[in-house]
Structure formats: structure tokens, C-alpha cells
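What follows is a single structure, written as C-alpha cells, with notes after it.
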Amino acid sequence: MDLLLPGISTRRVPTERLTVNILEVEHRTDGEPVVFVHGNVSSSLFWQYAMRDLPATFRPIAVDLRGFGDTDHLPVDATRGLRDFSDDVLGLLTALELDRVHLVGWSMGGGVVLHLLREHPELVRTVTLVNPVSPYGFGGTKGVDGQHLDPPGLGAGAGSANDEFVQRLATGDRTADAAVSPRSVLLSSYVKAGFTPEPDDADRWVSSMLSTRTGDDNYPGTAEVTPEWPGALPGTRGVLNTMAPTFFRVDDLDVIEPKPPIYWIRGDSDVIVSDTSLFDLAYLGKIGAVPGWPGDAVAPPQPMVSQTRHVLDRYVLAGGRYEELVLTDTGHAPHVEKPKEFLATLVESITEYTD
């Protein structure tokens, strides 16, 4: 099948760092640029409906991050947090001679655009976060202010990955014969359980997931062993470790100038980024899915949504502005589950912005 919707084109753009694959809407070379950044174990293919239907006053561009889609599969240095990815996006903006862009980041991509905002706010018109990773990373923290567990990074990073899921990614498994196959994870976790995509869409999104380069330098990365439950600490290489709280933290957005508006769009039934995330080992331990959990005093579940709200509230107190926009009966990927509602929310948000 054709992975691209009618009217969507693809090209590879050389930059000073690597060659980046992007999707564009054919014949759309003018308008305010809207740069879409995908999440983990995915690619630009997930953004096509939003891109295609965006009003002609905007120029949509969706990027494949390194190690995903058709962008160069370069190693990921996790000690830089998500900066390998955000620097790649910055290099793309430079190569395309774009500034004053609207940034839209989904899940891990939300952290990527927050890094770009944190370090280059002058390039940004607006930021839209779609079910974003917490500003304190994924796993290994407690409380709304993101305190580290002891030892720091406990339960976060590549050691939290499911080995069978990684293997099925590596072998290109397209079946739904196991709960941890990419297709099953798509239908149970990327979207709200019970949502049934069109067959071509499901195949397209599974292909997007399978474009993930696996291994120590990409997904999931390396892990360290610790005697403390659950036995894993982040390594220094690969994708999952970029979001470990020891390497990723963007809780100081209140200090940046200028402060463009931030729009936070999330599904109310997300099981990935949640205060009760089914991908957080601490929460899984608390509900008995991972044996040996030492209790709330040692490894409480990470309040991911509450942490994001805490950081954005501080942004407002420092003179910024944000809006939290919740789509009901929607999971981790509102742009594919509720494309019309998502697009309407996105367009209303970025259209209200004026220089």
C-alpha cells in the first residue's frame, strides 16, 4: 500500500548534522510554517491527516527524527537528553530558512519541541504539546516538582522496555497475535482501547512504528543494573534513556524570553502519559503487574500530567500563557483518533496568535 495520503509528498533535506526526511503538502510553499514532531516508536506518517487538512494559510512540515522513518539512522547520545533530536530539528529549520514557526510535538516529540523552545524561543510563534512527556522525563520521579527517586533514574530508561516488543519491532512483525506486537500496542495504547481505525490507516501506522531503528544506539538503548527494585537504571545511549530524569529536565520554561503561547492538547484516556501510566514501572508495581514493588515511600507512580501542569502554571506566573485542552474519550493519539476535533482545536489555537 501507499504509505502517503493523496496530496502528501516526501523529500530528504540535507542539513549540517544529518539528512532529514520530511513530509509536506504538495504545492504548499507559503504560509506560516507548522512543524510537526512525532513521538517515540513512530514517524511523520502519523501527522498526515492534520497536515492535509490544515488551512492554506499554513505551511505544514512533518519531520522524521533520527532513527525513525527515512531520516538518517544516527546514534543517539542519551546524556544530552532530547537535544540530539531538538538540534536536528533546529538544523532542519536552518536548512529550510524557516523561523517564527509553530511547533507541534506529540509525546516524546513534546519534549523535543520544549527543548527547542527553551534554547531558541525567538524562533517560535507557538508551541502545541500533544500528550507530551513530562517536563521531568519519563519514569523515576515523584511529586509535581519531579523529585528524583533513590537512586536517581530508578526504573527509567531502556531497562523499562519490553524485550519481546523490541524484538517484534526488529523483525518487522505486522501481526496482532500477541499483546506486545506493534499492532496490538497501537490498538491498546496509542489509541483508546476499542477505537477501530480504517485498515489502511492501521497498516500505515504500524509501518510507521516499524520504521524505528532498534539497538543500543537507538531504540531502546542501553541499561544499567541496580540491586534496588525494579533492577534497572538508565544507560547513556539510545532513545528511552534520553527521557530519563537524569538527562532530561525542562522545568525552567519560566525563565525564557520571549514567552510564546503554549497549547496543551491531550486525550483524557491516555494510558501512556498519565498519572496512572501503564508504561510506568512504579505504577505497574503498585497495581501488582510487576512483582516486588517496594511501596509508595520508595517508588511512587509518576504524576506525569500533574507535573506538566505544575511547570506550565509556573510559566504563567512568569508572564507566559498556556491553555489545557482536553479531548474526551480519547487516548494517546488524538490527531488520529479524533482528527476533526484535533484539527479544529489546533487551528483555533494557533490562529488566535498574532505577532
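As shown in the C-alpha cells, the chain order sets the letters A, B, ...; within each chain, residues go from 1, and ligands are also counted from 1 in the order they appear.
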
>> Give me, as an MDAnalysis selection string, all polymer residues having an atom no more than 12 Å from Val255 in chain A, counting only C-alpha atoms and skipping those fewer than 5 positions away in the same chain.
In response: chainID A and resid 117:119 121 250 311:312 314:320

>> Which of range 73-248 of chain A end up as alpha helix (DSSP H) when DSSP is run on this backbone - answer as a PyMOL selection string?
In response: chain A and resi 83-95+108-119+163-170+182-185+199-210+239-242

Keeping only N, CA and C atoms, write the selected residues to a file as a short mmCIF file (atom, residue, chain, number, x, y, z; two decimals), in the first residue's frame.
```
data_model
loop_
_atom_site.label_atom_id
_atom_site.label_comp_id
_atom_site.auth_asym_id
_atom_site.auth_seq_id
_atom_site.Cartn_x
_atom_site.Cartn_y
_atom_site.Cartn_z
N ARG A 83 18.34 16.52 23.28
CA ARG A 83 18.97 17.57 22.47
C ARG A 83 19.47 17.08 21.12
N ASP A 84 19.86 15.80 20.99
CA ASP A 84 20.20 15.31 19.65
C ASP A 84 19.04 15.55 18.70
N PHE A 85 17.83 15.26 19.17
CA PHE A 85 16.65 15.43 18.33
C PHE A 85 16.33 16.90 18.11
N SER A 86 16.33 17.70 19.17
CA SER A 86 15.97 19.11 19.01
C SER A 86 17.01 19.85 18.17
N ASP A 87 18.28 19.50 18.30
CA ASP A 87 19.30 20.11 17.45
C ASP A 87 19.12 19.71 15.99
N ASP A 88 18.68 18.47 15.76
CA ASP A 88 18.39 18.05 14.39
C ASP A 88 17.25 18.87 13.79
N VAL A 89 16.20 19.10 14.59
CA VAL A 89 15.08 19.91 14.10
C VAL A 89 15.55 21.34 13.84
N LEU A 90 16.38 21.87 14.73
CA LEU A 90 16.93 23.21 14.52
C LEU A 90 17.73 23.26 13.22
N GLY A 91 18.52 22.22 12.96
CA GLY A 91 19.28 22.17 11.71
C GLY A 91 18.38 22.15 10.49
N LEU A 92 17.24 21.46 10.61
CA LEU A 92 16.28 21.44 9.51
C LEU A 92 15.70 22.83 9.28
N LEU A 93 15.32 23.52 10.35
CA LEU A 93 14.78 24.88 10.20
C LEU A 93 15.80 25.78 9.51
N THR A 94 17.07 25.62 9.87
CA THR A 94 18.11 26.42 9.25
C THR A 94 18.24 26.10 7.76
N ALA A 95 18.22 24.81 7.44
CA ALA A 95 18.36 24.40 6.04
C ALA A 95 17.19 24.88 5.19
N MET A 108 6.97 11.99 23.07
CA MET A 108 8.39 12.35 23.14
C MET A 108 8.66 13.61 22.34
N GLY A 109 7.97 13.79 21.22
CA GLY A 109 8.13 15.00 20.42
C GLY A 109 7.78 16.26 21.17
N GLY A 110 6.89 16.15 22.17
CA GLY A 110 6.61 17.29 23.02
C GLY A 110 7.85 17.74 23.78
N GLY A 111 8.62 16.77 24.27
CA GLY A 111 9.87 17.11 24.93
C GLY A 111 10.89 17.71 23.99
N VAL A 112 10.90 17.22 22.74
CA VAL A 112 11.81 17.77 21.73
C VAL A 112 11.50 19.24 21.48
N VAL A 113 10.23 19.57 21.29
CA VAL A 113 9.91 20.98 21.00
C VAL A 113 10.09 21.85 22.23
N LEU A 114 9.91 21.29 23.43
CA LEU A 114 10.18 22.08 24.63
C LEU A 114 11.66 22.42 24.74
N HIS A 115 12.53 21.49 24.37
CA HIS A 115 13.96 21.80 24.34
C HIS A 115 14.25 22.91 23.34
N LEU A 116 13.64 22.83 22.17
CA LEU A 116 13.85 23.85 21.16
C LEU A 116 13.33 25.21 21.65
N LEU A 117 12.16 25.20 22.28
CA LEU A 117 11.62 26.43 22.86
C LEU A 117 12.55 26.97 23.94
N ARG A 118 13.03 26.08 24.80
CA ARG A 118 13.88 26.51 25.92
C ARG A 118 15.15 27.19 25.43
N GLU A 119 15.71 26.70 24.33
CA GLU A 119 17.02 27.19 23.88
C GLU A 119 16.94 28.22 22.76
N ASP A 163 11.21 -6.55 26.24
CA ASP A 163 12.15 -7.18 25.31
C ASP A 163 11.45 -7.80 24.10
N GLU A 164 10.29 -8.40 24.33
CA GLU A 164 9.59 -9.04 23.22
C GLU A 164 9.07 -7.99 22.23
N PHE A 165 8.60 -6.86 22.75
CA PHE A 165 8.15 -5.78 21.87
C PHE A 165 9.31 -5.29 21.01
N VAL A 166 10.48 -5.11 21.62
CA VAL A 166 11.65 -4.66 20.87
C VAL A 166 12.00 -5.67 19.78
N GLN A 167 11.95 -6.95 20.12
CA GLN A 167 12.28 -7.98 19.14
C GLN A 167 11.30 -7.99 17.99
N ARG A 168 10.01 -7.81 18.29
CA ARG A 168 9.00 -7.79 17.23
C ARG A 168 9.16 -6.55 16.34
N LEU A 169 9.57 -5.43 16.91
CA LEU A 169 9.90 -4.28 16.08
C LEU A 169 11.05 -4.61 15.14
N ALA A 170 12.08 -5.23 15.69
CA ALA A 170 13.28 -5.51 14.91
C ALA A 170 13.01 -6.47 13.76
N PRO A 182 3.64 -4.82 17.77
CA PRO A 182 3.41 -3.40 17.47
C PRO A 182 1.94 -3.08 17.15
N ARG A 183 1.28 -3.93 16.37
CA ARG A 183 -0.11 -3.65 16.03
C ARG A 183 -0.99 -3.68 17.28
N SER A 184 -0.76 -4.64 18.16
CA SER A 184 -1.56 -4.72 19.38
C SER A 184 -1.30 -3.53 20.29
N VAL A 185 -0.04 -3.11 20.39
CA VAL A 185 0.28 -1.94 21.21
C VAL A 185 -0.37 -0.68 20.63
N PRO A 199 -8.60 -0.03 8.01
CA PRO A 199 -7.48 -0.96 7.81
C PRO A 199 -6.25 -0.33 7.19
N ASP A 200 -6.43 0.53 6.18
CA ASP A 200 -5.26 1.17 5.56
C ASP A 200 -4.54 2.07 6.55
N ASP A 201 -5.31 2.78 7.39
CA ASP A 201 -4.69 3.64 8.39
C ASP A 201 -3.90 2.81 9.39
N ALA A 202 -4.49 1.72 9.86
CA ALA A 202 -3.78 0.86 10.82
C ALA A 202 -2.49 0.34 10.21
N ASP A 203 -2.54 -0.11 8.95
CA ASP A 203 -1.33 -0.60 8.28
C ASP A 203 -0.29 0.51 8.14
N ARG A 204 -0.76 1.71 7.85
CA ARG A 204 0.15 2.85 7.68
C ARG A 204 0.84 3.16 9.01
N TRP A 205 0.10 3.15 10.10
CA TRP A 205 0.68 3.49 11.40
C TRP A 205 1.58 2.37 11.92
N VAL A 206 1.24 1.12 11.64
CA VAL A 206 2.14 0.03 12.01
C VAL A 206 3.45 0.15 11.22
N SER A 207 3.36 0.48 9.94
CA SER A 207 4.57 0.71 9.15
C SER A 207 5.41 1.82 9.75
N SER A 208 4.76 2.86 10.23
CA SER A 208 5.46 3.95 10.88
C SER A 208 6.20 3.46 12.12
N MET A 209 5.54 2.66 12.94
CA MET A 209 6.19 2.11 14.14
C MET A 209 7.38 1.24 13.76
N LEU A 210 7.22 0.44 12.71
CA LEU A 210 8.27 -0.50 12.31
C LEU A 210 9.45 0.20 11.66
N VAL A 239 17.32 5.84 22.71
CA VAL A 239 16.14 6.71 22.77
C VAL A 239 15.51 6.78 24.16
N LEU A 240 15.21 5.64 24.77
CA LEU A 240 14.49 5.70 26.04
C LEU A 240 15.29 6.42 27.12
N ASN A 241 16.60 6.32 27.06
CA ASN A 241 17.42 6.99 28.06
C ASN A 241 17.43 8.51 27.90
N THR A 242 17.10 9.01 26.70
CA THR A 242 17.03 10.47 26.51
C THR A 242 15.97 11.09 27.38
#
```

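For the set A:His73, A:Pro14, A:His120, A:Ser43, the residue with the smallest atom-to-atom gap to Pro258 in chain A is A:His120, counting only C-alpha atoms.
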
>> One number please: CA of Ser349 in chain A to CA of Tyr263 in chain A, in Å, one decimal.
In response: 6.9 Å

>> Give me the residues near Thr226 in chain A as number ranges by chain, where near means some atom within 12 Å (using only C-alpha atoms) and where sequence neighbours in that chain fewer than 3 positions away do not count.
In response: A: 150-156, 159, 223, 229-235

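Using only C-alpha atoms, the nearest neighbour of Leu327 in chain A within the list A:Pro6, A:Pro260, A:Gly39, A:Gly267 is A:Gly267.
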
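Distance check against Glu348 in chain A using only C-alpha atoms: of A:Asp329, A:Glu323, A:Glu122, A:Asp275, the minimum falls on A:Glu323.
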
>> I need the strand (DSSP E or B) residues of range 142-355 of chain A per DSSP on the backbone, written as a list in words.
In response: Lys142, Gln147, His148, Thr214, Gly215, Tyr219, Pro220, Ala223, Glu224, Val225, Ala232, Leu233, Pro234, Arg237, Ile262, Tyr263, Trp264, Ile265, Arg266, Gly267, Tyr322, Glu323, Glu324, Leu325, Val326 and Leu327 of chain A

Output N, CA and C atoms for every residue in the selection just made, as a tab-separated table (two decimals), in the first residue's frame.
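See out-v8.tsv below for the written result:
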```
chain	number	residue	atom	x	y	z
A	142	LYS	N	9.02	11.62	41.46
A	142	LYS	CA	7.82	11.65	42.28
A	142	LYS	C	7.42	13.09	42.54
A	147	GLN	N	10.79	15.28	41.92
A	147	GLN	CA	11.91	14.83	42.73
A	147	GLN	C	12.41	13.46	42.25
A	148	HIS	N	13.73	13.27	42.20
A	148	HIS	CA	14.30	12.00	41.78
A	148	HIS	C	14.05	10.92	42.82
A	214	THR	N	16.21	-0.24	15.84
A	214	THR	CA	16.42	-0.82	17.16
A	214	THR	C	17.90	-1.04	17.43
A	215	GLY	N	18.24	-1.15	18.72
A	215	GLY	CA	19.62	-1.41	19.11
A	215	GLY	C	20.07	-0.50	20.24
A	219	TYR	N	16.64	2.57	19.56
A	219	TYR	CA	15.60	2.13	20.49
A	219	TYR	C	15.84	0.70	20.94
A	220	PRO	N	15.82	0.37	22.21
A	220	PRO	CA	15.56	1.28	23.33
A	220	PRO	C	16.80	1.96	23.89
A	223	ALA	N	21.12	-0.14	29.21
A	223	ALA	CA	20.62	-0.05	30.58
A	223	ALA	C	21.69	-0.48	31.57
A	224	GLU	N	21.58	0.02	32.78
A	224	GLU	CA	22.46	-0.37	33.88
A	224	GLU	C	21.66	-1.17	34.90
A	225	VAL	N	22.36	-2.01	35.64
A	225	VAL	CA	21.72	-2.86	36.64
A	225	VAL	C	21.91	-2.26	38.02
A	232	ALA	N	16.74	-1.68	37.35
A	232	ALA	CA	17.25	-1.01	36.15
A	232	ALA	C	17.49	0.47	36.40
A	233	LEU	N	18.58	0.95	35.82
A	233	LEU	CA	18.90	2.38	35.77
A	233	LEU	C	19.19	2.75	34.32
A	234	PRO	N	19.06	4.01	33.96
A	234	PRO	CA	19.30	4.41	32.57
A	234	PRO	C	20.75	4.21	32.15
A	237	ARG	N	23.13	5.57	26.22
A	237	ARG	CA	22.90	5.54	24.77
A	237	ARG	C	21.46	5.16	24.49
A	262	ILE	N	1.64	28.55	24.79
A	262	ILE	CA	1.72	27.09	24.75
A	262	ILE	C	0.31	26.52	24.83
A	263	TYR	N	0.00	25.63	23.92
A	263	TYR	CA	-1.29	24.95	23.91
A	263	TYR	C	-1.05	23.47	24.20
A	264	TRP	N	-1.76	22.95	25.16
A	264	TRP	CA	-1.57	21.58	25.63
A	264	TRP	C	-2.85	20.80	25.30
A	265	ILE	N	-2.76	19.96	24.28
A	265	ILE	CA	-3.90	19.15	23.86
A	265	ILE	C	-3.65	17.72	24.31
A	266	ARG	N	-4.60	17.15	25.02
A	266	ARG	CA	-4.41	15.77	25.48
A	266	ARG	C	-5.73	15.01	25.49
A	267	GLY	N	-5.62	13.71	25.29
A	267	GLY	CA	-6.76	12.84	25.43
A	267	GLY	C	-6.96	12.47	26.89
A	322	TYR	N	-0.67	29.67	28.75
A	322	TYR	CA	-0.93	28.33	28.21
A	322	TYR	C	-2.40	28.01	28.38
A	323	GLU	N	-2.87	27.10	27.55
A	323	GLU	CA	-4.22	26.57	27.66
A	323	GLU	C	-4.16	25.05	27.64
A	324	GLU	N	-4.89	24.43	28.54
A	324	GLU	CA	-5.02	22.98	28.57
A	324	GLU	C	-6.35	22.59	27.92
A	325	LEU	N	-6.27	21.82	26.86
A	325	LEU	CA	-7.43	21.49	26.05
A	325	LEU	C	-7.58	19.98	26.03
A	326	VAL	N	-8.65	19.47	26.64
A	326	VAL	CA	-8.82	18.04	26.84
A	326	VAL	C	-9.88	17.50	25.89
A	327	LEU	N	-9.51	16.46	25.12
A	327	LEU	CA	-10.45	15.79	24.24
A	327	LEU	C	-10.97	14.54	24.94
```

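Residue nearest Pro135 in chain A, chosen from A:Val25, A:Met243, A:Ile350, A:Leu45 and counting only C-alpha atoms: A:Met243.
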
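Using only C-alpha atoms for every distance, the candidate list A:Leu253, A:Val35, A:Val290, A:Leu65 yields A:Leu253 as the residue closest to His310 in chain A.
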
> Which one of A:Leu54, A:Thr171, A:Tyr190, A:Asn21 sits closest to Lys340 in chain A if you count only C-alpha atoms?
Replying inline: A:Leu54

> Residues at most 10 Å from Phe195 in chain A, counting only C-alpha atoms, excluding those fewer than 3 positions away in the same chain, as a VMD selection string?
Replying inline: chain A and resid 187 to 188 191 to 192 198 329 to 331 337

Can I get the selected residues back with all heavy atoms, as an mmCIF file, in the first residue's frame?
```cif
data_model
loop_
_atom_site.group_PDB
_atom_site.id
_atom_site.type_symbol
_atom_site.label_atom_id
_atom_site.label_comp_id
_atom_site.auth_asym_id
_atom_site.auth_seq_id
_atom_site.Cartn_x
_atom_site.Cartn_y
_atom_site.Cartn_z
ATOM 1 N N LEU A 187 -3.192 -0.530 19.043
ATOM 2 C CA LEU A 187 -4.642 -0.561 19.277
ATOM 3 C C LEU A 187 -5.005 -0.530 20.754
ATOM 4 O O LEU A 187 -6.134 -0.155 21.103
ATOM 5 C CB LEU A 187 -5.233 -1.811 18.615
ATOM 6 C CG LEU A 187 -5.089 -1.864 17.092
ATOM 7 C CD1 LEU A 187 -5.632 -3.176 16.547
ATOM 8 C CD2 LEU A 187 -5.799 -0.684 16.432
ATOM 9 N N SER A 188 -4.072 -0.872 21.621
ATOM 10 C CA SER A 188 -4.377 -0.875 23.051
ATOM 11 C C SER A 188 -3.860 0.351 23.776
ATOM 12 O O SER A 188 -4.401 0.724 24.821
ATOM 13 C CB SER A 188 -3.775 -2.122 23.719
ATOM 14 O OG SER A 188 -2.351 -2.063 23.714
ATOM 15 N N VAL A 191 -3.914 4.418 20.832
ATOM 16 C CA VAL A 191 -5.284 4.917 20.776
ATOM 17 C C VAL A 191 -6.052 4.309 21.935
ATOM 18 O O VAL A 191 -5.611 3.325 22.544
ATOM 19 C CB VAL A 191 -5.972 4.572 19.432
ATOM 20 C CG1 VAL A 191 -5.230 5.226 18.284
ATOM 21 C CG2 VAL A 191 -6.047 3.057 19.231
ATOM 22 N N LYS A 192 -7.206 4.873 22.255
ATOM 23 C CA LYS A 192 -8.016 4.308 23.326
ATOM 24 C C LYS A 192 -8.509 2.929 22.912
ATOM 25 O O LYS A 192 -8.975 2.731 21.782
ATOM 26 C CB LYS A 192 -9.193 5.223 23.644
ATOM 27 C CG LYS A 192 -10.030 4.717 24.815
ATOM 28 C CD LYS A 192 -11.160 5.664 25.170
ATOM 29 C CE LYS A 192 -11.955 5.081 26.341
ATOM 30 N NZ LYS A 192 -13.075 5.969 26.737
ATOM 31 N N GLU A 198 -9.458 2.625 10.270
ATOM 32 C CA GLU A 198 -9.607 2.012 8.965
ATOM 33 C C GLU A 198 -8.400 1.108 8.698
ATOM 34 O O GLU A 198 -7.283 1.415 9.116
ATOM 35 C CB GLU A 198 -9.697 3.086 7.880
ATOM 36 C CG GLU A 198 -10.950 3.937 7.955
ATOM 37 C CD GLU A 198 -12.212 3.131 7.691
ATOM 38 O OE1 GLU A 198 -12.164 2.197 6.849
ATOM 39 O OE2 GLU A 198 -13.237 3.410 8.342
ATOM 40 N N ASP A 329 -12.894 10.949 25.820
ATOM 41 C CA ASP A 329 -12.985 9.616 25.227
ATOM 42 C C ASP A 329 -11.888 9.401 24.179
ATOM 43 O O ASP A 329 -12.118 8.819 23.128
ATOM 44 C CB ASP A 329 -14.380 9.413 24.610
ATOM 45 C CG ASP A 329 -14.706 7.946 24.353
ATOM 46 O OD1 ASP A 329 -14.251 7.100 25.140
ATOM 47 O OD2 ASP A 329 -15.389 7.644 23.365
ATOM 48 N N THR A 330 -10.696 9.882 24.507
ATOM 49 C CA THR A 330 -9.579 9.889 23.560
ATOM 50 C C THR A 330 -8.308 9.450 24.280
ATOM 51 O O THR A 330 -8.081 9.809 25.434
ATOM 52 C CB THR A 330 -9.367 11.299 22.973
ATOM 53 O OG1 THR A 330 -10.603 11.771 22.434
ATOM 54 C CG2 THR A 330 -8.317 11.300 21.879
ATOM 55 N N GLY A 331 -7.468 8.682 23.583
ATOM 56 C CA GLY A 331 -6.255 8.166 24.172
ATOM 57 C C GLY A 331 -5.031 9.005 23.871
ATOM 58 O O GLY A 331 -5.083 10.237 23.867
ATOM 59 N N GLU A 337 -7.123 9.621 16.392
ATOM 60 C CA GLU A 337 -8.406 9.135 16.915
ATOM 61 C C GLU A 337 -9.550 10.106 16.628
ATOM 62 O O GLU A 337 -10.651 9.690 16.260
ATOM 63 C CB GLU A 337 -8.312 8.935 18.429
ATOM 64 C CG GLU A 337 -7.348 7.863 18.870
ATOM 65 C CD GLU A 337 -7.216 7.846 20.373
ATOM 66 O OE1 GLU A 337 -8.163 7.405 21.058
ATOM 67 O OE2 GLU A 337 -6.162 8.277 20.885
#
```
